[in-house]
Amino acid sequence: MSESGRRASRPSARTRTTGGPIPASAAWREGDPVGRRQFADLGPLHLEAGGKLPAVRIAYETWGTLNARADNAVLVLHALTGDSHITGAAEPGHPTAGWWSDMVGPGRPIDTDRYYVVAPNVLGGCQGSTGPSSDAPNGTPWGSRFPYVTVRDQVAAERELADRLGVGTWALVIGASMGGHRALEWAVGEPDRVAAVAAIATSAQSTADQIAWAHAQLGAIRSDPRCRGGDYYDAADDDGPHAGLGIARQIAHTTYRSARELDERFGRLPQGGENPLGGGGRFAVQSYLDHHANKLARRFDANSYVVLTESMNTHDVGRDRGGVDSALASITARTLAVAVDSDRLFLPSQSERIAEGAPDGTYRVLHSDYGHDGFLIDFDQLGPIIAEFLGNRAYLTR
């Protein structure tokens, strides 16, 4: 199919996220509404595992104004299936509202009347930054040819973005989950460019348990025959790897929520009108997971899910730096590590290790029934913690 033919057949953003056929990939592509994205073309990037990307583009959004001293910039780093749209309404180019609108904005804990906030879409992602769905030099999507990228490669691209934006030192680098991996890598790898770092529901090094959960997710995507080895971008709607991507999401979502929440919310209730006892029906919790699988297939790209999950698997701030303890001890930034007490993916002990290992570390805990996703839900706790760390007295005394 020609490039123009492929673009013409893409469903609208509303259709992709609300119903109708499922696109082979829900990645943002050239010709789609730009929304509030800005773009920085960074040139070639040499990769940690070898080889290079000949041309890297980073999509990002900003809020607030960089001051004359260029010392009020905050870098916000998203999690696995997040993107640069951290705050703001759903609109053309952004089919869903910002995922951290309670945290970032005028009068919020990260106050955009005070700070210049930058949120990039991660390298390897699918919302405008260079990734598997982007066009390679030959004009067709990278697909299976996209090279292996690590968290350090992602930070290297973000460093180039910071240079283009005129940011020498970040007042704060903050990220949760996968975003916390990059936040810590910034603090360890670029100590002169990070004044403070907040690592939320994350770790300094991936564990065997996390890699095991990821392995099943990667297998689900790769075993989907419609994945076609990663080269599915010409496939028709409903003929892409949405089944494998959906199963990966179901596995992941189970780790994002706590057993207590799932039990109290759903128990053993059947889905309305369905009979799971020999009738081929589902329990309510199964319907819930199916719903989230369908939602992700309509807004994400399977190849990006693979690329980013693999980067998380190899995350290790201590690699070639004398180990994790040595790496954490080298951090010069004020460090905040926040755990969720019911998190069964990133255990609180991993956040505690970060706080204890950094010379100027603080450890805080969210008490939540929601598990790992508590950082997206319990703003009544997380907001004051971040505001206190930033010295945002106006928010704390409102």
# chains A, B, ... in the order shown; residues from 1 in each chain; ligands from 1
>>> closest_atom_pairs(of="stretch 154-193 of chain A", to="stretch 77-86 of chain A", cutoff="6 Å", atoms="only C-alpha atoms", output="CSV")
residue,atom,partner,partner_atom,distance
A:Gly175,CA,A:Leu77,CA,4.6
A:Ser177,CA,A:Ala79,CA,5.5
A:Met178,CA,A:Ala79,CA,4.6
A:Gly179,CA,A:Leu77,CA,4.6
>>> residues_around(residues="A:Thr397", least_positions_apart="5", cutoff="12 Å", atoms="only C-alpha atoms", output="VMD selection string")
chain A and resid 107 109 384 387 to 388 391 to 392
>>> write_last_selection(atoms="N, CA and C atoms", output="JSON list (two decimals), in the first residue's frame")
[["chain", "number", "residue", "atom", "x", "y", "z"],
["A", 107, "GLY", "N", -0.93, 26.91, 40.16],
["A", 107, "GLY", "CA", -1.38, 26.62, 41.52],
["A", 107, "GLY", "C", -1.28, 25.18, 41.94],
["A", 109, "PRO", "N", 0.97, 21.45, 42.60],
["A", 109, "PRO", "CA", 2.25, 21.19, 43.26],
["A", 109, "PRO", "C", 3.45, 21.58, 42.41],
["A", 384, "PRO", "N", 0.92, 17.01, 48.13],
["A", 384, "PRO", "CA", 1.64, 17.69, 49.21],
["A", 384, "PRO", "C", 3.09, 17.23, 49.37],
["A", 387, "ALA", "N", 4.91, 19.11, 46.63],
["A", 387, "ALA", "CA", 4.92, 20.54, 46.96],
["A", 387, "ALA", "C", 5.90, 20.84, 48.09],
["A", 388, "GLU", "N", 5.94, 19.99, 49.09],
["A", 388, "GLU", "CA", 6.88, 20.18, 50.20],
["A", 388, "GLU", "C", 8.32, 20.07, 49.71],
["A", 391, "GLY", "N", 9.24, 23.17, 48.06],
["A", 391, "GLY", "CA", 9.08, 24.39, 48.83],
["A", 391, "GLY", "C", 7.92, 25.23, 48.36],
["A", 392, "ASN", "N", 6.88, 24.58, 47.84],
["A", 392, "ASN", "CA", 5.69, 25.26, 47.33],
["A", 392, "ASN", "C", 4.74, 25.52, 48.50]]
>>> residues_around(residues="A:Ile386", least_positions_apart="2", cutoff="12 Å", atoms="only C-alpha atoms", output="mmCIF file with all heavy atoms, in the first residue's frame")
data_model
loop_
_atom_site.group_PDB
_atom_site.id
_atom_site.type_symbol
_atom_site.label_atom_id
_atom_site.label_comp_id
_atom_site.auth_asym_id
_atom_site.auth_seq_id
_atom_site.Cartn_x
_atom_site.Cartn_y
_atom_site.Cartn_z
ATOM 1 N N ASP A 102 -3.664 16.961 37.869
ATOM 2 C CA ASP A 102 -3.758 17.395 39.260
ATOM 3 C C ASP A 102 -2.394 17.758 39.844
ATOM 4 O O ASP A 102 -2.325 18.372 40.917
ATOM 5 C CB ASP A 102 -4.381 16.295 40.117
ATOM 6 C CG ASP A 102 -5.872 16.151 39.876
ATOM 7 O OD1 ASP A 102 -6.476 17.115 39.369
ATOM 8 O OD2 ASP A 102 -6.429 15.085 40.186
ATOM 9 N N MET A 103 -1.335 17.378 39.144
ATOM 10 C CA MET A 103 0.015 17.615 39.667
ATOM 11 C C MET A 103 0.696 18.818 39.025
ATOM 12 O O MET A 103 1.512 19.494 39.662
ATOM 13 C CB MET A 103 0.869 16.362 39.439
ATOM 14 C CG MET A 103 2.228 16.383 40.126
ATOM 15 S SD MET A 103 2.130 16.403 41.918
ATOM 16 C CE MET A 103 1.394 14.803 42.197
ATOM 17 N N VAL A 104 0.374 19.096 37.763
ATOM 18 C CA VAL A 104 1.084 20.125 36.999
ATOM 19 C C VAL A 104 0.098 21.170 36.499
ATOM 20 O O VAL A 104 -0.915 20.832 35.877
ATOM 21 C CB VAL A 104 1.823 19.497 35.803
ATOM 22 C CG1 VAL A 104 2.516 20.571 34.971
ATOM 23 C CG2 VAL A 104 2.836 18.454 36.282
ATOM 24 N N ARG A 108 -0.777 24.326 41.065
ATOM 25 C CA ARG A 108 -0.616 22.915 41.388
ATOM 26 C C ARG A 108 0.720 22.688 42.101
ATOM 27 O O ARG A 108 1.549 23.594 42.192
ATOM 28 C CB ARG A 108 -0.693 22.073 40.115
ATOM 29 C CG ARG A 108 -2.005 22.196 39.341
ATOM 30 C CD ARG A 108 -3.172 21.681 40.138
ATOM 31 N NE ARG A 108 -4.400 21.644 39.343
ATOM 32 C CZ ARG A 108 -5.586 21.292 39.823
ATOM 33 N NH1 ARG A 108 -5.697 20.954 41.096
ATOM 34 N NH2 ARG A 108 -6.659 21.285 39.056
ATOM 35 N N PRO A 109 0.965 21.451 42.597
ATOM 36 C CA PRO A 109 2.251 21.193 43.263
ATOM 37 C C PRO A 109 3.450 21.580 42.406
ATOM 38 O O PRO A 109 4.415 22.155 42.905
ATOM 39 C CB PRO A 109 2.191 19.689 43.539
ATOM 40 C CG PRO A 109 0.735 19.415 43.712
ATOM 41 C CD PRO A 109 0.044 20.297 42.720
ATOM 42 N N ILE A 110 3.426 21.215 41.114
ATOM 43 C CA ILE A 110 4.440 21.709 40.175
ATOM 44 C C ILE A 110 3.783 22.879 39.452
ATOM 45 O O ILE A 110 3.054 22.709 38.481
ATOM 46 C CB ILE A 110 4.884 20.603 39.198
ATOM 47 C CG1 ILE A 110 5.450 19.406 39.974
ATOM 48 C CG2 ILE A 110 5.952 21.136 38.228
ATOM 49 C CD1 ILE A 110 5.804 18.212 39.097
ATOM 50 N N ASP A 111 4.021 24.062 39.978
ATOM 51 C CA ASP A 111 3.278 25.265 39.606
ATOM 52 C C ASP A 111 3.848 25.879 38.331
ATOM 53 O O ASP A 111 4.986 26.352 38.319
ATOM 54 C CB ASP A 111 3.353 26.266 40.754
ATOM 55 C CG ASP A 111 2.436 27.460 40.575
ATOM 56 O OD1 ASP A 111 1.906 27.654 39.467
ATOM 57 O OD2 ASP A 111 2.258 28.207 41.559
ATOM 58 N N LEU A 172 14.248 20.374 38.801
ATOM 59 C CA LEU A 172 13.730 19.085 39.235
ATOM 60 C C LEU A 172 13.578 18.173 38.032
ATOM 61 O O LEU A 172 13.091 18.606 36.984
ATOM 62 C CB LEU A 172 12.360 19.254 39.917
ATOM 63 C CG LEU A 172 11.613 17.964 40.281
ATOM 64 C CD1 LEU A 172 12.328 17.231 41.415
ATOM 65 C CD2 LEU A 172 10.163 18.265 40.672
ATOM 66 N N VAL A 173 13.984 16.932 38.188
ATOM 67 C CA VAL A 173 13.641 15.863 37.250
ATOM 68 C C VAL A 173 12.765 14.887 38.021
ATOM 69 O O VAL A 173 13.168 14.380 39.071
ATOM 70 C CB VAL A 173 14.881 15.152 36.690
ATOM 71 C CG1 VAL A 173 14.471 14.024 35.759
ATOM 72 C CG2 VAL A 173 15.786 16.134 35.962
ATOM 73 N N ILE A 174 11.562 14.645 37.521
ATOM 74 C CA ILE A 174 10.606 13.815 38.241
ATOM 75 C C ILE A 174 10.001 12.793 37.295
ATOM 76 O O ILE A 174 9.682 13.092 36.146
ATOM 77 C CB ILE A 174 9.501 14.686 38.893
ATOM 78 C CG1 ILE A 174 8.529 13.833 39.703
ATOM 79 C CG2 ILE A 174 8.774 15.541 37.866
ATOM 80 C CD1 ILE A 174 7.564 14.658 40.555
ATOM 81 N N GLY A 175 9.872 11.568 37.781
ATOM 82 C CA GLY A 175 9.265 10.522 36.979
ATOM 83 C C GLY A 175 8.801 9.381 37.857
ATOM 84 O O GLY A 175 9.327 9.169 38.957
ATOM 85 N N ALA A 196 17.569 18.638 41.695
ATOM 86 C CA ALA A 196 16.736 17.783 42.538
ATOM 87 C C ALA A 196 16.101 16.711 41.670
ATOM 88 O O ALA A 196 15.817 16.940 40.492
ATOM 89 C CB ALA A 196 15.653 18.605 43.237
ATOM 90 N N VAL A 197 15.883 15.551 42.275
ATOM 91 C CA VAL A 197 15.277 14.436 41.534
ATOM 92 C C VAL A 197 14.210 13.786 42.409
ATOM 93 O O VAL A 197 14.407 13.616 43.620
ATOM 94 C CB VAL A 197 16.338 13.400 41.093
ATOM 95 C CG1 VAL A 197 17.075 12.796 42.284
ATOM 96 C CG2 VAL A 197 15.708 12.307 40.241
ATOM 97 N N ALA A 198 13.079 13.467 41.806
ATOM 98 C CA ALA A 198 12.018 12.749 42.503
ATOM 99 C C ALA A 198 11.718 11.475 41.735
ATOM 100 O O ALA A 198 11.290 11.530 40.578
ATOM 101 C CB ALA A 198 10.768 13.612 42.620
ATOM 102 N N ALA A 199 11.963 10.350 42.360
ATOM 103 C CA ALA A 199 11.767 9.027 41.743
ATOM 104 C C ALA A 199 10.616 8.345 42.463
ATOM 105 O O ALA A 199 10.704 8.054 43.656
ATOM 106 C CB ALA A 199 13.047 8.197 41.848
ATOM 107 N N ILE A 200 9.529 8.096 41.736
ATOM 108 C CA ILE A 200 8.284 7.651 42.335
ATOM 109 C C ILE A 200 7.941 6.239 41.864
ATOM 110 O O ILE A 200 7.935 5.970 40.663
ATOM 111 C CB ILE A 200 7.136 8.613 41.967
ATOM 112 C CG1 ILE A 200 7.496 10.048 42.390
ATOM 113 C CG2 ILE A 200 5.826 8.169 42.602
ATOM 114 C CD1 ILE A 200 6.581 11.091 41.795
ATOM 115 N N THR A 335 17.370 14.325 46.708
ATOM 116 C CA THR A 335 16.687 13.143 46.178
ATOM 117 C C THR A 335 15.471 12.798 47.009
ATOM 118 O O THR A 335 15.553 12.701 48.243
ATOM 119 C CB THR A 335 17.648 11.945 46.153
ATOM 120 O OG1 THR A 335 18.799 12.274 45.360
ATOM 121 C CG2 THR A 335 16.972 10.716 45.572
ATOM 122 N N LEU A 336 14.358 12.621 46.315
ATOM 123 C CA LEU A 336 13.124 12.166 46.944
ATOM 124 C C LEU A 336 12.728 10.842 46.312
ATOM 125 O O LEU A 336 12.613 10.744 45.088
ATOM 126 C CB LEU A 336 12.007 13.190 46.730
ATOM 127 C CG LEU A 336 10.598 12.774 47.170
ATOM 128 C CD1 LEU A 336 10.531 12.630 48.691
ATOM 129 C CD2 LEU A 336 9.557 13.785 46.681
ATOM 130 N N ALA A 337 12.532 9.829 47.135
ATOM 131 C CA ALA A 337 12.045 8.536 46.666
ATOM 132 C C ALA A 337 10.696 8.277 47.318
ATOM 133 O O ALA A 337 10.581 8.305 48.549
ATOM 134 C CB ALA A 337 13.035 7.421 47.012
ATOM 135 N N VAL A 338 9.684 8.066 46.490
ATOM 136 C CA VAL A 338 8.321 7.853 46.980
ATOM 137 C C VAL A 338 7.866 6.452 46.610
ATOM 138 O O VAL A 338 7.932 6.052 45.443
ATOM 139 C CB VAL A 338 7.346 8.888 46.385
ATOM 140 C CG1 VAL A 338 5.936 8.670 46.940
ATOM 141 C CG2 VAL A 338 7.815 10.313 46.676
ATOM 142 N N THR A 362 15.525 11.447 50.734
ATOM 143 C CA THR A 362 14.335 11.443 51.586
ATOM 144 C C THR A 362 13.391 10.358 51.088
ATOM 145 O O THR A 362 13.187 10.212 49.880
ATOM 146 C CB THR A 362 13.612 12.807 51.525
ATOM 147 O OG1 THR A 362 14.494 13.830 51.995
ATOM 148 C CG2 THR A 362 12.345 12.787 52.367
ATOM 149 N N TYR A 363 12.820 9.625 52.015
ATOM 150 C CA TYR A 363 11.922 8.522 51.683
ATOM 151 C C TYR A 363 10.520 8.839 52.184
ATOM 152 O O TYR A 363 10.332 9.191 53.350
ATOM 153 C CB TYR A 363 12.426 7.232 52.333
ATOM 154 C CG TYR A 363 11.547 6.019 52.151
ATOM 155 C CD1 TYR A 363 11.252 5.528 50.886
ATOM 156 C CD2 TYR A 363 11.020 5.351 53.269
ATOM 157 C CE1 TYR A 363 10.468 4.395 50.719
ATOM 158 C CE2 TYR A 363 10.233 4.216 53.117
ATOM 159 C CZ TYR A 363 9.956 3.749 51.840
ATOM 160 O OH TYR A 363 9.177 2.627 51.681
ATOM 161 N N ARG A 364 9.516 8.749 51.297
ATOM 162 C CA ARG A 364 8.127 8.964 51.674
ATOM 163 C C ARG A 364 7.281 7.822 51.109
ATOM 164 O O ARG A 364 7.645 7.203 50.097
ATOM 165 C CB ARG A 364 7.620 10.305 51.134
ATOM 166 C CG ARG A 364 8.399 11.521 51.650
ATOM 167 C CD ARG A 364 8.179 11.747 53.140
ATOM 168 N NE ARG A 364 6.786 12.032 53.454
ATOM 169 C CZ ARG A 364 6.250 13.255 53.419
ATOM 170 N NH1 ARG A 364 6.982 14.307 53.052
ATOM 171 N NH2 ARG A 364 4.980 13.436 53.745
ATOM 172 N N VAL A 365 6.139 7.595 51.737
ATOM 173 C CA VAL A 365 5.278 6.473 51.354
ATOM 174 C C VAL A 365 3.854 6.960 51.147
ATOM 175 O O VAL A 365 3.316 7.708 51.971
ATOM 176 C CB VAL A 365 5.292 5.366 52.429
ATOM 177 C CG1 VAL A 365 4.364 4.216 52.028
ATOM 178 C CG2 VAL A 365 6.701 4.854 52.661
ATOM 179 N N LEU A 366 3.242 6.529 50.028
ATOM 180 C CA LEU A 366 1.817 6.719 49.814
ATOM 181 C C LEU A 366 1.085 5.507 50.373
ATOM 182 O O LEU A 366 1.442 4.371 50.074
ATOM 183 C CB LEU A 366 1.487 6.833 48.320
ATOM 184 C CG LEU A 366 2.096 7.964 47.501
ATOM 185 C CD1 LEU A 366 1.520 7.930 46.086
ATOM 186 C CD2 LEU A 366 1.826 9.299 48.144
ATOM 187 N N PHE A 375 0.284 6.303 42.214
ATOM 188 C CA PHE A 375 0.902 7.582 41.844
ATOM 189 C C PHE A 375 0.056 8.340 40.826
ATOM 190 O O PHE A 375 0.256 9.544 40.622
ATOM 191 C CB PHE A 375 2.334 7.374 41.312
ATOM 192 C CG PHE A 375 2.441 6.857 39.903
ATOM 193 C CD1 PHE A 375 2.437 7.731 38.824
ATOM 194 C CD2 PHE A 375 2.575 5.497 39.654
ATOM 195 C CE1 PHE A 375 2.557 7.262 37.524
ATOM 196 C CE2 PHE A 375 2.691 5.013 38.361
ATOM 197 C CZ PHE A 375 2.677 5.909 37.292
ATOM 198 N N PHE A 379 -3.588 11.732 44.521
ATOM 199 C CA PHE A 379 -2.989 13.066 44.482
ATOM 200 C C PHE A 379 -3.112 13.787 45.824
ATOM 201 O O PHE A 379 -2.326 14.683 46.117
ATOM 202 C CB PHE A 379 -3.632 13.903 43.378
ATOM 203 C CG PHE A 379 -3.326 13.417 41.996
ATOM 204 C CD1 PHE A 379 -4.294 12.800 41.231
ATOM 205 C CD2 PHE A 379 -2.060 13.557 41.463
ATOM 206 C CE1 PHE A 379 -4.016 12.335 39.953
ATOM 207 C CE2 PHE A 379 -1.767 13.096 40.190
ATOM 208 C CZ PHE A 379 -2.739 12.494 39.434
ATOM 209 N N ASP A 380 -4.101 13.415 46.613
ATOM 210 C CA ASP A 380 -4.262 14.067 47.910
ATOM 211 C C ASP A 380 -3.061 13.801 48.806
ATOM 212 O O ASP A 380 -2.754 14.607 49.693
ATOM 213 C CB ASP A 380 -5.542 13.602 48.585
ATOM 214 C CG ASP A 380 -5.584 12.097 48.818
ATOM 215 O OD1 ASP A 380 -4.972 11.346 48.025
ATOM 216 O OD2 ASP A 380 -6.236 11.659 49.785
ATOM 217 N N GLN A 381 -2.347 12.696 48.544
ATOM 218 C CA GLN A 381 -1.117 12.419 49.285
ATOM 219 C C GLN A 381 0.127 12.849 48.511
ATOM 220 O O GLN A 381 1.027 13.475 49.067
ATOM 221 C CB GLN A 381 -1.019 10.928 49.597
ATOM 222 C CG GLN A 381 -2.080 10.385 50.516
ATOM 223 C CD GLN A 381 -1.886 8.906 50.767
ATOM 224 O OE1 GLN A 381 -0.876 8.471 51.335
ATOM 225 N NE2 GLN A 381 -2.855 8.108 50.335
ATOM 226 N N LEU A 382 0.172 12.496 47.231
ATOM 227 C CA LEU A 382 1.376 12.772 46.448
ATOM 228 C C LEU A 382 1.572 14.275 46.234
ATOM 229 O O LEU A 382 2.708 14.763 46.288
ATOM 230 C CB LEU A 382 1.307 12.055 45.104
ATOM 231 C CG LEU A 382 2.539 12.191 44.209
ATOM 232 C CD1 LEU A 382 3.789 11.653 44.907
ATOM 233 C CD2 LEU A 382 2.326 11.455 42.881
ATOM 234 N N GLY A 383 0.486 15.001 46.003
ATOM 235 C CA GLY A 383 0.605 16.436 45.770
ATOM 236 C C GLY A 383 1.343 17.162 46.879
ATOM 237 O O GLY A 383 2.323 17.876 46.620
ATOM 238 N N PRO A 384 0.920 17.012 48.129
ATOM 239 C CA PRO A 384 1.644 17.686 49.215
ATOM 240 C C PRO A 384 3.093 17.233 49.368
ATOM 241 O O PRO A 384 3.956 18.039 49.740
ATOM 242 C CB PRO A 384 0.817 17.312 50.450
ATOM 243 C CG PRO A 384 -0.564 17.077 49.922
ATOM 244 C CD PRO A 384 -0.349 16.428 48.582
ATOM 245 N N GLU A 388 5.936 19.992 49.094
ATOM 246 C CA GLU A 388 6.875 20.182 50.202
ATOM 247 C C GLU A 388 8.318 20.073 49.709
ATOM 248 O O GLU A 388 9.184 20.869 50.096
ATOM 249 C CB GLU A 388 6.604 19.143 51.284
ATOM 250 C CG GLU A 388 7.526 19.257 52.494
ATOM 251 C CD GLU A 388 7.282 18.152 53.500
ATOM 252 O OE1 GLU A 388 6.909 17.022 53.097
ATOM 253 O OE2 GLU A 388 7.463 18.411 54.703
ATOM 254 N N PHE A 389 8.578 19.101 48.855
ATOM 255 C CA PHE A 389 9.932 18.910 48.329
ATOM 256 C C PHE A 389 10.386 20.129 47.530
ATOM 257 O O PHE A 389 11.558 20.508 47.562
ATOM 258 C CB PHE A 389 9.953 17.648 47.459
ATOM 259 C CG PHE A 389 11.316 17.239 46.984
ATOM 260 C CD1 PHE A 389 12.306 16.865 47.883
ATOM 261 C CD2 PHE A 389 11.611 17.195 45.623
ATOM 262 C CE1 PHE A 389 13.566 16.468 47.439
ATOM 263 C CE2 PHE A 389 12.854 16.803 45.169
ATOM 264 C CZ PHE A 389 13.845 16.434 46.094
ATOM 265 N N LEU A 390 9.451 20.759 46.815
ATOM 266 C CA LEU A 390 9.761 21.932 46.008
ATOM 267 C C LEU A 390 9.683 23.230 46.805
ATOM 268 O O LEU A 390 9.985 24.304 46.270
ATOM 269 C CB LEU A 390 8.818 22.011 44.818
ATOM 270 C CG LEU A 390 9.064 21.030 43.669
ATOM 271 C CD1 LEU A 390 7.919 21.113 42.661
ATOM 272 C CD2 LEU A 390 10.388 21.325 43.000
ATOM 273 N N GLY A 391 9.244 23.169 48.058
ATOM 274 C CA GLY A 391 9.083 24.392 48.829
ATOM 275 C C GLY A 391 7.922 25.235 48.361
ATOM 276 O O GLY A 391 7.938 26.469 48.480
ATOM 277 N N ASN A 392 6.878 24.578 47.845
ATOM 278 C CA ASN A 392 5.692 25.262 47.331
ATOM 279 C C ASN A 392 4.739 25.518 48.500
ATOM 280 O O ASN A 392 3.763 24.803 48.706
ATOM 281 C CB ASN A 392 5.027 24.431 46.239
ATOM 282 C CG ASN A 392 3.859 25.145 45.574
ATOM 283 O OD1 ASN A 392 3.375 26.154 46.075
ATOM 284 N ND2 ASN A 392 3.390 24.598 44.461
ATOM 285 N N ARG A 393 4.997 26.559 49.262
ATOM 286 C CA ARG A 393 4.205 26.835 50.467
ATOM 287 C C ARG A 393 2.797 27.279 50.128
ATOM 288 O O ARG A 393 1.862 27.029 50.876
ATOM 289 C CB ARG A 393 4.903 27.893 51.311
ATOM 290 C CG ARG A 393 6.246 27.439 51.871
ATOM 291 C CD ARG A 393 6.904 28.498 52.733
ATOM 292 N NE ARG A 393 8.196 28.054 53.238
ATOM 293 C CZ ARG A 393 9.331 28.161 52.555
ATOM 294 N NH1 ARG A 393 9.330 28.689 51.336
ATOM 295 N NH2 ARG A 393 10.466 27.728 53.073
ATOM 296 N N TYR A 395 0.831 26.153 47.853
ATOM 297 C CA TYR A 395 -0.026 24.979 47.690
ATOM 298 C C TYR A 395 -0.310 24.326 49.030
ATOM 299 O O TYR A 395 -1.435 23.907 49.304
ATOM 300 C CB TYR A 395 0.643 23.972 46.750
ATOM 301 C CG TYR A 395 -0.172 22.711 46.538
ATOM 302 C CD1 TYR A 395 -1.162 22.672 45.561
ATOM 303 C CD2 TYR A 395 0.034 21.574 47.308
ATOM 304 C CE1 TYR A 395 -1.927 21.532 45.354
ATOM 305 C CE2 TYR A 395 -0.731 20.428 47.126
ATOM 306 C CZ TYR A 395 -1.693 20.410 46.145
ATOM 307 O OH TYR A 395 -2.446 19.276 45.952
ATOM 308 N N LEU A 396 0.677 24.272 49.892
ATOM 309 C CA LEU A 396 0.530 23.574 51.169
ATOM 310 C C LEU A 396 -0.375 24.325 52.128
ATOM 311 O O LEU A 396 -0.969 23.723 53.034
ATOM 312 C CB LEU A 396 1.899 23.369 51.809
ATOM 313 C CG LEU A 396 2.842 22.424 51.067
ATOM 314 C CD1 LEU A 396 4.238 22.455 51.672
ATOM 315 C CD2 LEU A 396 2.299 20.987 51.084
#
>>> residues_around(residues="stretch 220-233 of chain A", least_positions_apart="4", cutoff="7 Å", atoms="only C-alpha atoms", output="list in words")
Ala24, Ser25, Gly143, Ser144, Ala216, Asp239, Gly240, Pro241, Ala243, Gly244, Leu245, Ile247, Ala248, Ala302 and Asn303 of chain A
>>> write_last_selection(atoms="C-alpha atoms", output="PDB file, in the first residue's frame")
ATOM      1  CA  ALA A  24      -2.957  -1.999  13.305  1.00  0.00           C
ATOM      2  CA  SER A  25      -1.103   0.688  15.227  1.00  0.00           C
ATOM      3  CA  GLY A 143       9.176  -1.796  12.442  1.00  0.00           C
ATOM      4  CA  SER A 144      11.389  -4.798  13.149  1.00  0.00           C
ATOM      5  CA  ALA A 216       5.237 -12.858  29.591  1.00  0.00           C
ATOM      6  CA  ASP A 239      -5.552  -7.109  11.353  1.00  0.00           C
ATOM      7  CA  GLY A 240      -2.788  -5.810  13.629  1.00  0.00           C
ATOM      8  CA  PRO A 241      -1.336  -7.311  16.827  1.00  0.00           C
ATOM      9  CA  ALA A 243      -4.740  -9.333  20.662  1.00  0.00           C
ATOM     10  CA  GLY A 244      -1.138  -9.775  21.792  1.00  0.00           C
ATOM     11  CA  LEU A 245      -0.877  -6.162  22.905  1.00  0.00           C
ATOM     12  CA  ILE A 247      -2.940  -9.629  26.653  1.00  0.00           C
ATOM     13  CA  ALA A 248       0.309  -7.843  27.518  1.00  0.00           C
ATOM     14  CA  ALA A 302       2.759  -2.890  19.977  1.00  0.00           C
ATOM     15  CA  ASN A 303       6.337  -2.391  18.783  1.00  0.00           C
TER      16      ASN A 303
END
>>> residues_around(residues="A:Arg265", least_positions_apart="4", cutoff="9 Å", atoms="only C-alpha atoms", output="ChimeraX atom specification")
/A:260-261,285
>>> residues_around(residues="A:Ala73", least_positions_apart="3", cutoff="12 Å", atoms="only C-alpha atoms", output="count of residues only")
35
>>> closest_residue(among="A:Thr314, A:Pro147, A:His94, A:Gly357", to="A:Asp32", atoms="only C-alpha atoms")
A:His94
>>> residues_around(residues="A:Trp28", least_positions_apart="5", cutoff="12 Å", atoms="only C-alpha atoms", output="count of residues only")
34
>>> select_by_dssp(residues="stretch 27-167 of chain A", states="alpha helix (DSSP H)", output="PyMOL selection string")
chain A and resi 151-165
>>> closest_residue(among="A:Gly50, A:Pro276, A:Gly246, A:Gly180", to="A:Ser351", atoms="only C-alpha atoms")
A:Gly180
>>> decode(residues="stretch 95-125 of chain A", atoms="C-alpha atoms", output="tab-separated table (two decimals), in the first residue's frame")
chain	number	residue	atom	x	y	z
A	95	PRO	CA	-7.55	11.87	22.40
A	96	THR	CA	-7.25	11.60	26.19
A	97	ALA	CA	-6.87	14.27	28.84
A	98	GLY	CA	-3.56	14.83	30.60
A	99	TRP	CA	-2.55	12.01	32.91
A	100	TRP	CA	-1.11	14.26	35.67
A	101	SER	CA	-3.34	17.34	35.48
A	102	ASP	CA	-3.76	17.39	39.26
A	103	MET	CA	0.02	17.61	39.67
A	104	VAL	CA	1.08	20.12	37.00
A	105	GLY	CA	-0.45	23.51	36.26
A	106	PRO	CA	-1.11	26.96	37.75
A	107	GLY	CA	-1.38	26.62	41.52
A	108	ARG	CA	-0.62	22.91	41.39
A	109	PRO	CA	2.25	21.19	43.26
A	110	ILE	CA	4.44	21.71	40.18
A	111	ASP	CA	3.28	25.27	39.61
A	112	THR	CA	3.54	26.40	35.99
A	113	ASP	CA	3.30	30.03	37.14
A	114	ARG	CA	6.69	29.39	38.78
A	115	TYR	CA	8.26	26.62	36.70
A	116	TYR	CA	8.97	25.95	33.05
A	117	VAL	CA	7.75	22.37	32.68
A	118	VAL	CA	8.96	20.11	29.87
A	119	ALA	CA	7.49	16.69	29.12
A	120	PRO	CA	9.04	14.70	26.26
A	121	ASN	CA	7.65	11.60	24.63
A	122	VAL	CA	10.30	8.96	25.28
A	123	LEU	CA	12.69	7.78	22.57
A	124	GLY	CA	11.19	4.53	21.28
A	125	GLY	CA	7.67	5.73	22.05
